[in-house]
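Trainee: Here it is, the structure in full.
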Amino acid sequence: MTAVEPTVILSKPKRPPRLRLELRPFVPFGVATAVVTGIVILWHVASSSGWVSPVFLPTPERVVQSFFALMVRGYVGSTLFEHAETSLWRVLSALFFATLFAVPAGLIVATSPVGRGMLDPVIEFLRPLPPLAYLPLVIIWFGIGEPAKVLVIALSMIAPIAISTATGVRSATDSQINAARAFGASRLQVLRHVLLPTALPSILTGIRIALGAGWTTLVAAELVAAARGLGYMMQSAAQFLVTDIVIVGILVIAALSFAFEAILRIIERVFVPWSGHR
């Protein structure tokens, strides 16, 4: 009786899904393009077929014509570029002052119990408070000029940046801090070379959140004694039911917000590639 030798079945190695990996980065872009295209088509059908009155929803073609007209002739004494430039200056100025205060405040809250007791109540007071609640008080104290507008926008940005900074500093592990101290690093060197690099991804995330709050507050801030700005332009157009100009203002603010988001993501990938954000 002869022994039967076992049969070895060799399976073919699976090929790596190269095509799927190559197409994966383009999937979100394709989906976003399809969604935007669908919204524009639905908008065109609703406005051109009479479902919605053109007074309340003008056609996309009308909005595009108004965009170019605003670039050339302007509205309420300024072109679209001048309105956008003024609003952009207000938001960037507010972001500068908010970051100048919020980042050190977040560092102090995360590293000092005394500092946390002093600053944490202020930050938590500002965090849930809507800007329109303290806008009248800012106007009473600082008037209706540019400083008041920048201050209102900056106050809406402080809490997200400070909280994100404190969270990022706390994410530094004890082993990282102890390793730096073992090499003779001082407290300032630990702060500069360990805590700040660790907190940088969170700081950038806080700035991204703060910019969203800043653009929201901008429209409210420009309703008070403003002579130029996207919010002022939109409010003036809304009083006379010029809906196409209102939509142009909304789209310009959205485009600027997307541009800032893209810039911050590029900065994040260049300066903090270890954060793992995509």
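We label chains A, B, ... in the order they appear in the structure tokens, count residues from 1 in each chain, and number ligands from 1 in the order shown.
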Please report, as JSON lines, each residue of segment 38-135 of chain A lying at most 9 Å from segment 224-242 of chain A, together with the nearest pair of atoms and the separation in Å rounded to one decimal; use only C-alpha atoms, and order rows by chain and ascending residue number.

Mentor:
```
{"residue": "A:Val55", "atom": "CA", "partner": "A:Leu241", "partner_atom": "CA", "distance": 6.9}
{"residue": "A:Phe56", "atom": "CA", "partner": "A:Leu241", "partner_atom": "CA", "distance": 7.7}
{"residue": "A:Tyr75", "atom": "CA", "partner": "A:Met233", "partner_atom": "CA", "distance": 7.1}
{"residue": "A:Val76", "atom": "CA", "partner": "A:Met233", "partner_atom": "CA", "distance": 7.0}
{"residue": "A:Gly77", "atom": "CA", "partner": "A:Arg228", "partner_atom": "CA", "distance": 8.1}
{"residue": "A:Ser78", "atom": "CA", "partner": "A:Arg228", "partner_atom": "CA", "distance": 7.0}
{"residue": "A:Leu80", "atom": "CA", "partner": "A:Leu230", "partner_atom": "CA", "distance": 7.9}
{"residue": "A:Glu82", "atom": "CA", "partner": "A:Gly229", "partner_atom": "CA", "distance": 7.5}
{"residue": "A:His83", "atom": "CA", "partner": "A:Gly229", "partner_atom": "CA", "distance": 4.1}
{"residue": "A:Ala84", "atom": "CA", "partner": "A:Leu230", "partner_atom": "CA", "distance": 5.8}
{"residue": "A:Glu85", "atom": "CA", "partner": "A:Gly229", "partner_atom": "CA", "distance": 7.6}
{"residue": "A:Thr86", "atom": "CA", "partner": "A:Gly229", "partner_atom": "CA", "distance": 5.4}
{"residue": "A:Ser87", "atom": "CA", "partner": "A:Gly229", "partner_atom": "CA", "distance": 5.1}
{"residue": "A:Leu88", "atom": "CA", "partner": "A:Gly229", "partner_atom": "CA", "distance": 8.6}
```

Trainee: So which residues of segment 102-254 of chain A fall under alpha helix (DSSP H) by DSSP, listed as a PyMOL selection string?

Mentor: chain A and resi 102-111+113-126+131-142+146-170+174-182+187-190+196-221+230-239+243-254

Trainee: Here is a test: counting only C-alpha atoms, which residue of A:Leu70, A:Ala166, A:Val190, A:Val63 is nearest to Ser112 of chain A?

Mentor: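 Of all the options, A:Ala166 lies closest to Ser112 of chain A.
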
Trainee: For each of A:Ala221, A:Leu204, A:Leu196, A:Leu151, take the minimum atom-to-atom distance to Ser164 of chain A, counting only C-alpha atoms, then give the residue where this is smallest.

Mentor: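 Answer, going by the shortest atom-to-atom distance: A:Leu204.
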
Trainee: One decimal, Å: what's the distance from atom CA of Thr198 of chain A over to atom CA of Thr165 of chain A, could you say?

Mentor: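 Going from atom CA of Thr198 of chain A over to atom CA of Thr165 of chain A covers 9.7 Å.
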
Trainee: Find the residues near Phe271 of chain A: any atom within 12 Å, counting only C-alpha atoms, skip ones fewer than 6 places away on the same chain, and give them as a VMD selection string.

Mentor: chain A and resid 197 to 198 200 to 201 204 264 to 265 277

Trainee: Those same residues, written as a PDB file, in the first residue's frame with C-alpha atoms?

Mentor:
```pdb
ATOM      1  CA  PRO A 197       5.812  72.168  18.594  1.00  0.00           C
ATOM      2  CA  THR A 198       3.430  69.695  20.226  1.00  0.00           C
ATOM      3  CA  LEU A 200       1.175  73.736  16.943  1.00  0.00           C
ATOM      4  CA  PRO A 201      -1.310  71.402  15.175  1.00  0.00           C
ATOM      5  CA  LEU A 204      -3.699  75.822  13.681  1.00  0.00           C
ATOM      6  CA  LEU A 264      -3.947  76.812   6.647  1.00  0.00           C
ATOM      7  CA  ARG A 265      -4.008  73.206   5.462  1.00  0.00           C
ATOM      8  CA  HIS A 277      -3.995  65.687   9.136  1.00  0.00           C
TER       9      HIS A 277
END
```

Trainee: Quick one: pull the distance between atom CA of Ala154 of chain A and atom CA of Arg90 of chain A, Å, one decimal.

Mentor: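 Between these atoms lies a distance of 9.3 Å.
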